[in-house]
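Shown here: coords.cif, mmCIF, C-alpha atoms and all ligand atoms.
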```
data_work
loop_
_atom_site.label_atom_id
_atom_site.label_comp_id
_atom_site.auth_asym_id
_atom_site.auth_seq_id
_atom_site.Cartn_x
_atom_site.Cartn_y
_atom_site.Cartn_z
CA MET A 13 94.67 89.41 77.92
CA ARG A 14 96.61 86.56 79.49
CA ASP A 15 98.31 85.50 82.71
CA LEU A 16 96.82 88.17 84.92
CA VAL A 17 97.66 88.90 88.53
CA LEU A 18 94.91 90.17 90.82
CA ALA A 19 96.22 91.94 93.92
CA LEU A 20 94.07 92.73 96.98
CA ASN A 21 94.57 95.05 99.95
CA PRO A 22 91.50 95.05 102.20
CA ARG A 23 91.07 97.97 104.62
CA THR A 24 88.28 98.63 107.11
CA TYR A 25 85.83 100.40 104.79
CA PHE A 26 87.28 99.64 101.36
CA THR A 27 89.34 97.17 99.36
CA ARG A 28 92.13 98.29 97.06
CA VAL A 29 92.19 96.08 94.00
CA ALA A 30 94.49 95.99 90.98
CA VAL A 31 94.94 93.73 87.98
CA TYR A 32 98.33 93.45 86.31
CA GLN A 33 99.60 91.93 83.11
CA GLY A 34 103.38 91.90 83.37
CA ASN A 35 104.41 95.44 84.24
CA SER A 36 101.16 96.98 82.98
CA THR A 37 98.36 97.90 85.34
CA LEU A 38 95.10 96.97 83.58
CA PHE A 39 92.82 97.98 86.42
CA PHE A 40 93.13 99.81 89.72
CA LYS A 41 90.35 100.76 92.08
CA LYS A 42 89.67 101.62 95.67
CA ILE A 43 86.33 99.87 96.08
CA ASN A 44 84.39 101.58 98.86
CA HIS A 45 82.10 99.47 101.03
CA HIS A 46 79.67 102.19 102.07
CA ASN A 47 77.34 99.82 103.86
CA LEU A 48 80.18 99.04 106.33
CA GLU A 49 80.68 102.77 106.96
CA LYS A 50 76.99 103.16 107.75
CA GLY A 51 77.56 101.30 110.99
CA ILE A 52 76.45 97.85 109.87
CA ASN A 53 79.61 96.10 110.95
CA PRO A 54 79.61 92.36 110.40
CA SER A 55 82.65 90.41 111.61
CA PHE A 56 85.51 90.21 109.12
CA ASN A 57 84.57 86.58 108.43
CA ASP A 58 81.09 87.64 107.49
CA GLN A 59 82.43 90.18 105.00
CA VAL A 60 84.24 87.63 102.80
CA GLU A 61 81.33 86.65 100.60
CA TYR A 62 80.11 90.21 100.23
CA ARG A 63 83.51 91.69 99.37
CA THR A 64 84.27 88.77 97.01
CA SER A 65 81.11 89.33 95.00
CA VAL A 66 81.60 93.12 94.87
CA ILE A 67 85.17 92.68 93.59
CA LEU A 68 84.16 90.12 90.94
CA LYS A 69 81.35 92.40 89.79
CA GLU A 70 83.75 95.38 89.52
CA LEU A 71 86.17 93.31 87.42
CA GLU A 72 83.38 92.22 85.13
CA GLU A 73 82.05 95.76 84.74
CA ASN A 74 85.52 96.94 83.82
CA ASP A 75 85.95 94.32 81.10
CA ILE A 76 88.57 92.26 82.93
CA GLU A 77 88.31 88.71 81.61
CA ILE A 78 88.61 86.90 84.89
CA LYS A 79 89.29 83.56 83.20
CA HIS A 80 92.79 84.91 82.49
CA ILE A 81 93.57 85.56 86.17
CA LYS A 82 96.12 82.99 87.28
CA VAL A 83 97.36 84.51 90.52
CA VAL A 84 95.19 86.07 93.20
CA ILE A 85 97.47 87.54 95.83
CA GLY A 86 96.32 89.24 99.02
CA ARG A 87 97.96 91.07 101.85
CA GLY A 88 98.99 88.49 104.46
CA GLY A 89 97.36 88.64 107.86
CA LEU A 90 97.65 87.43 111.44
CA ILE A 91 98.62 83.78 111.16
CA LYS A 92 101.38 81.68 112.76
CA PRO A 93 104.86 83.24 112.64
CA VAL A 94 106.51 82.49 109.28
CA GLU A 95 109.69 83.26 107.36
CA SER A 96 109.67 85.95 104.70
CA GLY A 97 108.35 84.81 101.31
CA VAL A 98 105.36 83.74 99.24
CA TYR A 99 102.76 81.30 100.61
CA ARG A 100 99.96 79.43 98.92
CA VAL A 101 96.70 79.96 100.82
CA ASN A 102 95.74 76.49 102.07
CA GLU A 103 92.96 75.21 104.29
CA GLU A 104 95.06 75.49 107.45
CA MET A 105 95.74 79.16 106.73
CA VAL A 106 92.06 79.81 105.99
CA GLN A 107 91.21 78.10 109.28
CA ASP A 108 93.67 80.26 111.25
CA LEU A 109 92.46 83.44 109.56
CA ARG A 110 88.82 82.58 110.18
CA SER A 111 89.31 81.60 113.81
CA ALA A 112 91.40 84.77 114.41
CA GLU A 113 93.47 82.69 116.80
CA PHE A 114 96.47 84.96 116.19
CA GLY A 115 94.52 88.24 116.22
CA GLU A 116 91.53 89.78 114.48
CA ASP A 117 92.18 92.53 111.99
CA VAL A 118 90.94 93.60 108.58
CA VAL A 119 94.31 92.51 107.18
CA ASN A 120 93.12 88.90 107.71
CA LEU A 121 90.72 89.41 104.82
CA GLY A 122 93.67 89.45 102.38
CA GLY A 123 94.14 85.67 102.42
CA LEU A 124 90.43 84.97 102.79
CA LEU A 125 89.42 87.11 99.80
CA ALA A 126 92.26 85.68 97.69
CA ASP A 127 91.01 82.21 98.55
CA GLY A 128 87.36 83.03 97.82
CA ILE A 129 88.11 84.71 94.50
CA ALA A 130 90.62 82.08 93.30
CA LYS A 131 88.05 79.37 94.02
CA ALA A 132 85.62 81.21 91.72
CA ILE A 133 88.08 81.24 88.79
CA LYS A 134 89.15 78.02 87.08
CA GLY A 135 92.94 77.72 86.98
CA ALA A 136 93.61 80.52 89.49
CA HIS A 137 95.47 80.03 92.77
CA ALA A 138 95.52 82.10 95.94
CA TYR A 139 98.67 83.42 97.62
CA ILE A 140 99.91 85.86 100.21
CA ALA A 141 103.40 87.37 100.45
CA ASP A 142 105.40 88.66 103.41
CA PRO A 143 102.49 88.65 105.86
CA VAL A 144 102.53 90.85 108.95
CA VAL A 145 103.81 87.91 111.03
CA VAL A 146 107.15 87.44 109.22
CA ASP A 147 109.46 86.52 112.09
CA GLU A 148 113.21 87.13 111.87
CA LEU A 149 113.65 88.42 115.43
CA GLN A 150 116.95 87.76 117.12
CA ASP A 151 116.39 85.73 120.27
CA ILE A 152 117.34 88.52 122.66
CA ALA A 153 114.53 90.65 121.19
CA ARG A 154 111.92 88.10 122.23
CA PHE A 155 112.33 88.65 125.98
CA THR A 156 109.90 90.54 128.17
CA GLY A 157 110.10 91.06 131.92
CA ARG A 158 108.10 87.87 132.58
CA PRO A 159 108.86 84.39 131.29
CA GLU A 160 105.13 83.84 130.57
CA PHE A 161 105.22 86.53 127.86
CA LYS A 162 107.34 86.53 124.70
CA ARG A 163 107.53 89.42 122.26
CA ARG A 164 106.01 88.54 118.87
CA SER A 165 107.02 89.82 115.46
CA ILE A 166 104.06 91.69 113.95
CA PHE A 167 104.93 94.48 111.56
CA HIS A 168 104.30 95.67 107.99
CA ALA A 169 106.76 93.17 106.54
CA LEU A 170 105.63 93.58 102.92
CA ASN A 171 106.11 97.36 102.78
CA HIS A 172 109.24 97.21 104.97
CA LYS A 173 111.01 94.73 102.72
CA ILE A 174 109.98 96.29 99.41
CA SER A 175 110.96 99.79 100.63
CA ALA A 176 114.31 98.55 101.93
CA ARG A 177 115.03 96.80 98.61
CA LYS A 178 114.07 99.96 96.71
CA TYR A 179 116.54 101.99 98.80
CA ALA A 180 119.27 99.37 98.34
CA LYS A 181 118.78 99.56 94.56
CA ILE A 182 119.12 103.35 94.60
CA LYS A 183 122.37 102.91 96.52
CA TYR A 184 123.62 100.23 94.05
CA ALA A 185 123.81 97.82 96.97
CA GLU A 186 122.19 94.54 97.99
CA TYR A 187 119.54 94.62 100.72
CA GLU A 188 121.29 91.64 102.26
CA ASP A 189 124.49 93.70 102.70
CA MET A 190 122.89 96.73 104.35
CA ASN A 191 121.96 97.89 107.84
CA LEU A 192 118.72 99.86 107.74
CA ILE A 193 116.03 101.19 110.04
CA VAL A 194 112.62 101.20 108.33
CA ALA A 195 109.59 103.03 109.75
CA HIS A 196 106.20 102.27 108.19
CA LEU A 197 103.97 105.22 109.11
CA GLY A 198 100.46 104.11 108.14
CA GLY A 199 97.26 103.33 110.02
CA GLY A 200 99.54 101.23 112.19
CA ILE A 201 103.16 102.17 112.78
CA SER A 202 105.97 99.62 112.74
CA ILE A 203 109.68 100.33 113.00
CA GLY A 204 112.24 97.61 112.33
CA ALA A 205 115.98 97.08 112.46
CA HIS A 206 116.95 95.40 109.16
CA LYS A 207 120.38 93.91 109.71
CA LYS A 208 121.81 92.44 106.51
CA GLY A 209 118.37 91.54 105.14
CA ARG A 210 116.75 90.30 108.35
CA VAL A 211 114.41 92.24 110.62
CA ILE A 212 116.04 91.34 113.90
CA ASP A 213 113.89 93.65 116.04
CA ALA A 214 110.69 95.65 115.54
CA ASN A 215 107.90 97.01 117.68
CA GLN A 216 104.93 94.67 117.85
CA ALA A 217 102.67 96.97 115.87
CA TYR A 218 99.33 95.23 116.38
CA ASP A 219 98.65 95.01 120.12
CA GLY A 220 102.14 95.16 121.54
CA ASP A 221 104.40 98.13 121.88
CA GLY A 222 106.02 101.11 120.21
CA PRO A 223 104.71 104.54 119.24
CA PHE A 224 101.00 105.24 119.07
CA SER A 225 99.70 105.43 115.51
CA PRO A 226 96.58 106.76 113.76
CA ILE A 227 94.54 103.81 115.09
CA ARG A 228 96.70 101.85 117.57
CA SER A 229 97.65 102.78 121.13
CA GLY A 230 101.20 101.45 121.09
CA SER A 231 102.90 101.16 124.51
CA LEU A 232 100.55 102.14 127.35
CA PRO A 233 101.30 102.47 131.09
CA MET A 234 100.76 98.82 132.07
CA GLY A 235 99.60 99.35 135.67
CA ASP A 236 96.90 101.77 134.58
CA VAL A 237 95.75 99.36 131.88
CA ILE A 238 95.46 96.52 134.39
CA LYS A 239 93.41 98.70 136.75
CA MET A 240 91.13 99.68 133.87
CA CYS A 241 90.64 96.01 132.95
CA TYR A 242 89.36 95.33 136.46
CA SER A 243 87.32 98.52 136.81
CA GLY A 244 84.18 96.69 135.69
CA LYS A 245 83.54 99.43 133.14
CA TYR A 246 84.88 97.67 130.06
CA THR A 247 84.51 94.28 128.42
CA LYS A 248 87.54 92.31 127.20
CA GLU A 249 86.56 93.18 123.61
CA GLU A 250 86.38 96.88 124.43
CA MET A 251 89.80 96.80 126.08
CA LEU A 252 91.32 95.00 123.08
CA LYS A 253 89.70 97.45 120.68
CA MET A 254 91.15 100.33 122.70
CA GLN A 255 94.59 98.95 121.93
CA THR A 256 94.23 97.86 118.31
CA GLY A 257 91.54 99.84 116.49
CA GLU A 258 90.46 102.82 118.58
CA GLY A 259 93.75 104.02 119.99
CA GLY A 260 96.21 106.69 118.91
CA LEU A 261 94.88 109.58 116.84
CA TYR A 262 91.45 107.93 116.75
CA ALA A 263 91.21 108.13 120.55
CA TYR A 264 92.01 111.85 120.49
CA PHE A 265 90.08 112.95 117.39
CA LYS A 266 87.54 110.20 116.60
CA THR A 267 88.75 109.85 113.02
CA TYR A 268 90.64 106.99 111.39
CA SER A 269 92.33 109.43 109.03
CA ALA A 270 95.70 110.90 109.96
CA TYR A 271 95.30 113.08 106.87
CA ASP A 272 92.27 114.79 108.47
CA VAL A 273 94.23 115.42 111.67
CA CYS A 274 97.09 116.93 109.62
CA GLN A 275 94.53 119.20 107.93
CA LEU A 276 93.24 120.28 111.35
CA ARG A 277 96.80 121.07 112.44
CA ASP A 278 97.42 123.07 109.26
CA ALA A 279 94.25 125.04 109.97
CA GLY A 280 95.75 126.07 113.32
CA ASP A 281 94.23 123.52 115.72
CA GLU A 282 96.57 123.40 118.72
CA LYS A 283 95.53 119.97 119.97
CA ALA A 284 96.19 118.44 116.52
CA GLU A 285 99.60 120.11 116.46
CA GLU A 286 100.45 118.78 119.91
CA VAL A 287 99.26 115.20 119.40
CA LEU A 288 100.90 114.84 115.96
CA SER A 289 104.15 116.20 117.40
CA ALA A 290 103.92 113.69 120.25
CA MET A 291 103.50 110.89 117.71
CA ALA A 292 106.52 112.12 115.72
CA TYR A 293 108.49 112.27 118.99
CA GLN A 294 107.58 108.67 119.87
CA VAL A 295 108.46 107.48 116.35
CA SER A 296 111.84 109.23 116.61
CA LYS A 297 112.50 107.68 120.02
CA TYR A 298 111.75 104.20 118.72
CA ILE A 299 113.94 104.68 115.63
CA SER A 300 116.80 105.82 117.86
CA SER A 301 116.34 102.85 120.20
CA LEU A 302 116.98 100.43 117.33
CA TYR A 303 120.46 101.88 116.77
CA VAL A 304 121.78 99.48 119.42
CA CYS A 305 120.66 96.44 117.37
CA PHE A 306 123.57 96.97 114.96
CA GLU A 307 126.22 96.43 117.68
CA GLY A 308 128.31 99.43 116.63
CA GLU A 309 128.09 98.77 112.87
CA ALA A 310 127.15 101.79 110.77
CA VAL A 311 123.50 102.24 109.82
CA ASP A 312 123.21 102.83 106.05
CA GLY A 313 119.87 104.60 106.09
CA VAL A 314 116.67 105.41 107.92
CA ILE A 315 113.66 104.91 105.62
CA LEU A 316 110.33 106.60 106.33
CA THR A 317 107.41 105.18 104.37
CA GLY A 318 103.59 104.79 104.54
CA GLY A 319 100.74 107.29 104.22
CA LEU A 320 102.00 109.66 106.94
CA ALA A 321 105.36 109.92 105.19
CA LYS A 322 103.50 112.19 102.74
CA ASP A 323 103.16 114.84 105.44
CA ASP A 324 106.16 117.18 105.26
CA LYS A 325 105.85 118.54 108.78
CA PHE A 326 105.54 115.11 110.39
CA VAL A 327 108.52 113.87 108.38
CA ARG A 328 110.58 116.97 109.22
CA GLU A 329 110.05 116.51 112.95
CA ILE A 330 111.34 112.94 112.74
CA ARG A 331 114.17 113.74 110.34
CA ASN A 332 115.50 116.51 112.58
CA ARG A 333 115.80 114.09 115.48
CA VAL A 334 117.18 110.98 113.77
CA GLU A 335 119.37 112.10 110.87
CA VAL A 336 122.31 112.01 113.25
CA ILE A 337 122.02 108.18 113.02
CA ALA A 338 122.03 107.85 109.21
CA PRO A 339 120.74 109.59 106.07
CA VAL A 340 116.94 109.73 106.07
CA TYR A 341 115.16 108.62 102.90
CA VAL A 342 111.42 109.12 102.41
CA ILE A 343 109.19 106.82 100.35
CA PRO A 344 105.75 108.44 100.67
CA GLY A 345 102.81 106.02 100.71
CA ALA A 346 102.81 102.25 100.86
CA GLU A 347 103.03 100.40 97.57
CA VAL A 348 101.16 97.35 98.86
CA LEU A 349 99.51 96.40 95.56
CA GLY A 350 102.71 97.06 93.59
CA ALA A 351 104.63 94.82 95.99
CA LEU A 352 102.02 92.07 95.69
CA SER A 353 102.17 92.35 91.90
CA TYR A 354 105.95 92.04 92.01
CA TYR A 355 105.56 88.72 93.85
CA GLY A 356 102.70 87.71 91.54
CA GLN A 357 104.91 88.14 88.47
CA MET A 358 107.65 86.09 90.15
CA ILE A 359 105.11 83.31 90.83
CA LEU A 360 104.06 83.30 87.16
CA ARG A 361 107.66 83.16 86.00
CA GLY A 362 108.49 80.40 88.49
CA GLU A 363 111.14 82.62 90.05
CA THR A 364 110.10 82.31 93.65
CA GLU A 365 109.74 79.40 96.00
CA ILE A 366 106.12 78.86 97.01
CA LYS A 367 106.24 78.07 100.70
CA ASN A 368 103.86 75.79 102.54
CA TYR A 369 101.98 77.16 105.49
N1 LIG A 401 99.05 113.28 102.48
C1 LIG A 401 98.87 112.72 103.66
N2 LIG A 401 99.19 113.39 104.79
C2 LIG A 401 99.00 112.83 106.00
N3 LIG A 401 98.49 111.60 106.20
C3 LIG A 401 98.14 110.90 105.12
C4 LIG A 401 98.32 111.41 103.80
N4 LIG A 401 97.89 110.47 102.93
C5 LIG A 401 97.46 109.42 103.68
N5 LIG A 401 97.61 109.68 104.98
C6 LIG A 401 97.24 108.83 106.13
O1 LIG A 401 98.01 107.63 106.12
C7 LIG A 401 97.23 106.61 106.74
C8 LIG A 401 97.19 105.38 105.85
O2 LIG A 401 98.48 105.00 105.52
P1 LIG A 401 98.79 103.69 104.66
O3 LIG A 401 97.99 103.76 103.40
O4 LIG A 401 100.25 103.57 104.58
O5 LIG A 401 98.24 102.59 105.63
P2 LIG A 401 97.13 101.50 105.52
O6 LIG A 401 97.51 100.54 104.46
O7 LIG A 401 95.76 102.11 105.42
O8 LIG A 401 97.19 100.86 106.97
P3 LIG A 401 98.39 100.13 107.68
O9 LIG A 401 99.52 101.03 107.68
O10 LIG A 401 97.89 99.88 109.07
O11 LIG A 401 98.59 98.90 106.93
C9 LIG A 401 95.83 107.14 106.96
O12 LIG A 401 95.68 107.51 108.32
C10 LIG A 401 95.81 108.35 106.03
O13 LIG A 401 94.89 109.34 106.48
C1 LIG A 402 98.30 94.04 111.68
C2 LIG A 402 99.68 94.48 112.05
C3 LIG A 402 100.23 95.67 111.39
C4 LIG A 402 99.34 96.88 111.57
O1 LIG A 402 99.54 97.63 112.54
O2 LIG A 402 98.47 97.15 110.73
#
```
Now, as a test, write the supplied structure out as structure tokens.
Amino acid sequence: MRDLVLALNPRTYFTRVAVYQGNSTLFFKKINHHNLEKGINPSFNDQVEYRTSVILKELEENDIEIKHIKVVIGRGGLIKPVESGVYRVNEEMVQDLRSAEFGEDVVNLGGLLADGIAKAIKGAHAYIADPVVVDELQDIARFTGRPEFKRRSIFHALNHKISARKYAKIKYAEYEDMNLIVAHLGGGISIGAHKKGRVIDANQAYDGDGPFSPIRSGSLPMGDVIKMCYSGKYTKEEMLKMQTGEGGLYAYFKTYSAYDVCQLRDAGDEKAEEVLSAMAYQVSKYISSLYVCFEGEAVDGVILTGGLAKDDKFVREIRNRVEVIAPVYVIPGAEVLGALSYYGQMILRGETEIKNY
């Protein structure tokens, strides 16, 4: 065992963890945090120590010699807007993740866990790659209808970029030469216009706009939201949660799992059928809206990826509406750990610039 990469993808009730040596996967596990599911819900900050120790214990129990881990790389969270690339986790980043100044989400644990674990291993360093705040928006995409508000770039940059590069490779082309529309269909949904290797527009998938998703509300009727804010019935935290963590399918079915809703639909539940179709309709509308970003240039492909891209019916409903724009290519699931490992290997080989946050 030598020069190992530890990759981390924290989700609400579990952390996906993998250890790689070169192209070999030495260890892969979805570590469930059952105590979080039982309703004891400490803040994300307060979960760092607990998750760190559980992960280290798992590695030990599975005979991973942690002294050989050189790179600990986590999914990148809500920090300041940055360019695409690999970043060393430094104190300023830890500070921003802990304060949640740019938004509070489980994804913030990626950098924090990487930091905690790397500090426990001599010779290891912590990194993130292509965090959700990668910002390549063209200026015109930043406008809203009020000068006080600017649109922010928050999308699944890691899975978008890796999926787009995978498609480019299949087409014997360079990502930087292609025009693509990528839709990540996961717990959150983000859809971006990739023009010659830059994501010049995308829905703000966290608390901004776009289709509703399994857990996020997406665009809501603004006037009604404002009235609800002042109804006296909800706290600020409850209103924010409605948008970011308890919207979309969760609001209709009280489950965080789109898979479960698809199962309901397949068992004949009419409401599940209707709501999933509405989500597919909104995704299709947003994909179509990005066509204008290419200023008349041909679009080389529409890529559907993420967990919901495994559902044939959901995919078919989108495909039928958007294949007039470009060929539709499906990459089911999100290879988050694989993508992090890819960057981890590049770090070890000195083949990527390590950017400063
Ligand atoms: N076969 C399937 N059919 C339908 N939905 C599925 C299937 N497999 C997974 N999902 C759903 O996909 C969603 C998770 O997708 P994914 O793993 O891409 O996202 P994530 O990493 O959890 O979250 P995010 O996309 O916000 O980063 C869950 O709602 C899950 O239930
Ligand atoms: C945190 C931003 C991306 C998402 O919706 O999960």
inquiry  = Let me see if you get this right: every residue at most 7 Å from ligand LIG 401 (chain A), counting all atoms listed in the file, written as a VMD selection string.
reply    = chain A and resid 23 168 196 to 201 226 268 to 272 274 318 to 320 322 to 323 345 to 346
key: For A:Val314: contacts at 12 Å, all atoms listed in the file, fewer than 3 positions along chain excluded, given as a VMD selection string   = chain A and resid 172 175 to 176 179 to 180 190 to 196 203 to 206 295 to 296 298 to 300 302 to 303 310 to 311 317 327 330 to 331 333 to 343
query = Do you know which residues are within 10 Å of ligand LIG 402 (chain A) using all atoms listed in the file? Can you write them as a ChimeraX atom specification?
reply = /A:23,88-90,115-120,143-145,165-169,196-202,215-220,225-228,230,256-257
Output file for the residues above (C-alpha atoms, as a compact mmCIF listing (two decimals), keeping the file's coordinate frame):
```
# COMPACT_ATOMS: atom_id res chain seq x y z
CA ARG A 23 91.07 97.97 104.62
CA GLY A 88 98.99 88.49 104.46
CA GLY A 89 97.36 88.64 107.86
CA LEU A 90 97.65 87.43 111.44
CA GLY A 115 94.52 88.24 116.22
CA GLU A 116 91.53 89.78 114.48
CA ASP A 117 92.18 92.53 111.99
CA VAL A 118 90.94 93.60 108.58
CA VAL A 119 94.31 92.51 107.18
CA ASN A 120 93.12 88.90 107.71
CA PRO A 143 102.49 88.65 105.86
CA VAL A 144 102.53 90.85 108.95
CA VAL A 145 103.81 87.91 111.03
CA SER A 165 107.02 89.82 115.46
CA ILE A 166 104.06 91.69 113.95
CA PHE A 167 104.93 94.48 111.56
CA HIS A 168 104.30 95.67 107.99
CA ALA A 169 106.76 93.17 106.54
CA HIS A 196 106.20 102.27 108.19
CA LEU A 197 103.97 105.22 109.11
CA GLY A 198 100.46 104.11 108.14
CA GLY A 199 97.26 103.33 110.02
CA GLY A 200 99.54 101.23 112.19
CA ILE A 201 103.16 102.17 112.78
CA SER A 202 105.97 99.62 112.74
CA ASN A 215 107.90 97.01 117.68
CA GLN A 216 104.93 94.67 117.85
CA ALA A 217 102.67 96.97 115.87
CA TYR A 218 99.33 95.23 116.38
CA ASP A 219 98.65 95.01 120.12
CA GLY A 220 102.14 95.16 121.54
CA SER A 225 99.70 105.43 115.51
CA PRO A 226 96.58 106.76 113.76
CA ILE A 227 94.54 103.81 115.09
CA ARG A 228 96.70 101.85 117.57
CA GLY A 230 101.20 101.45 121.09
CA THR A 256 94.23 97.86 118.31
CA GLY A 257 91.54 99.84 116.49
```
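The space between atom CA of A:Ser65 and atom CA of A:His137 spans 17.3 Å.
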request  = For stretch 231-248 of chain A, work out the shell of residues within 7 Å, counting all atoms listed in the file and skipping chain neighbours fewer than 5 positions away, then give it as JSON, numbers by chain.
outcome  = {"A": [220, 221, 222, 223]}
Residues near A:Asp108, anyone? I mean within 12 Å using all atoms listed in the file, not counting same-chain ones fewer than 4 positions away, as a compact mmCIF listing (two decimals) with C-alpha atoms, in the coordinates of the input.
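And here is the file that came out, around02.txt:
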```
# COMPACT_ATOMS: atom_id res chain seq x y z
CA ASN A 57 84.57 86.58 108.43
CA GLY A 88 98.99 88.49 104.46
CA GLY A 89 97.36 88.64 107.86
CA LEU A 90 97.65 87.43 111.44
CA ILE A 91 98.62 83.78 111.16
CA LYS A 92 101.38 81.68 112.76
CA PRO A 93 104.86 83.24 112.64
CA VAL A 101 96.70 79.96 100.82
CA ASN A 102 95.74 76.49 102.07
CA GLU A 103 92.96 75.21 104.29
CA GLU A 104 95.06 75.49 107.45
CA ALA A 112 91.40 84.77 114.41
CA GLU A 113 93.47 82.69 116.80
CA PHE A 114 96.47 84.96 116.19
CA GLY A 115 94.52 88.24 116.22
CA GLU A 116 91.53 89.78 114.48
CA ASN A 120 93.12 88.90 107.71
CA LEU A 121 90.72 89.41 104.82
CA GLY A 123 94.14 85.67 102.42
CA LEU A 124 90.43 84.97 102.79
CA TYR A 369 101.98 77.16 105.49
```
query = Quick one: of A:Ile85, A:Arg63, A:Arg14, A:Ile140, who's nearest to A:Phe26, counting only C-alpha atoms?
reply =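 Nearest to A:Phe26: A:Arg63.
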ask   = With only C-alpha atoms as the atoms that count, which of A:Ser36, A:Leu18, A:Val66, A:His45 lies nearest to A:Ile81?
value =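 Counting only C-alpha atoms, the residue closest to A:Ile81 is A:Leu18.
Here atom CA of A:Lys208 stands at a distance of 27.6 Å from atom CA of A:Glu329.
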Could you write out as AutoDock Vina command-line options the box around stretch 27-31 of chain A (axis-aligned, all atoms listed in the file, 3 Å on each side), with centre and edge lengths in Å to one decimal?
```
--center_x 92.1 --center_y 96.0 --center_z 93.7 --size_x 11.6 --size_y 10.6 --size_z 17.4
```
task = Excluding A:Leu349 and any residue of its chain fewer than 2 positions from it, enumerate the residues within 7 Å of it, using all atoms listed in the file, and give them as a PyMOL selection string.
result = chain A and resi 19-21+30+347+351-353
request  = Measuring atom to atom with all atoms listed in the file, identify which of A:Val287, A:Ala132, A:Met13, A:Ala279 is nearest to A:Ala263.
outcome  =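 Using all atoms listed in the file, the shortest distance to A:Ala263 belongs to A:Val287.
One distance worth recording is that between atom CA of A:Glu72 and atom CA of A:Ala136, which is 16.1 Å.
Residue nearest A:Tyr355 within the list A:Asn74, A:Ser96, A:Ser111, A:Thr64: A:Ser96 [criterion: smallest interatomic distance, all atoms listed in the file].
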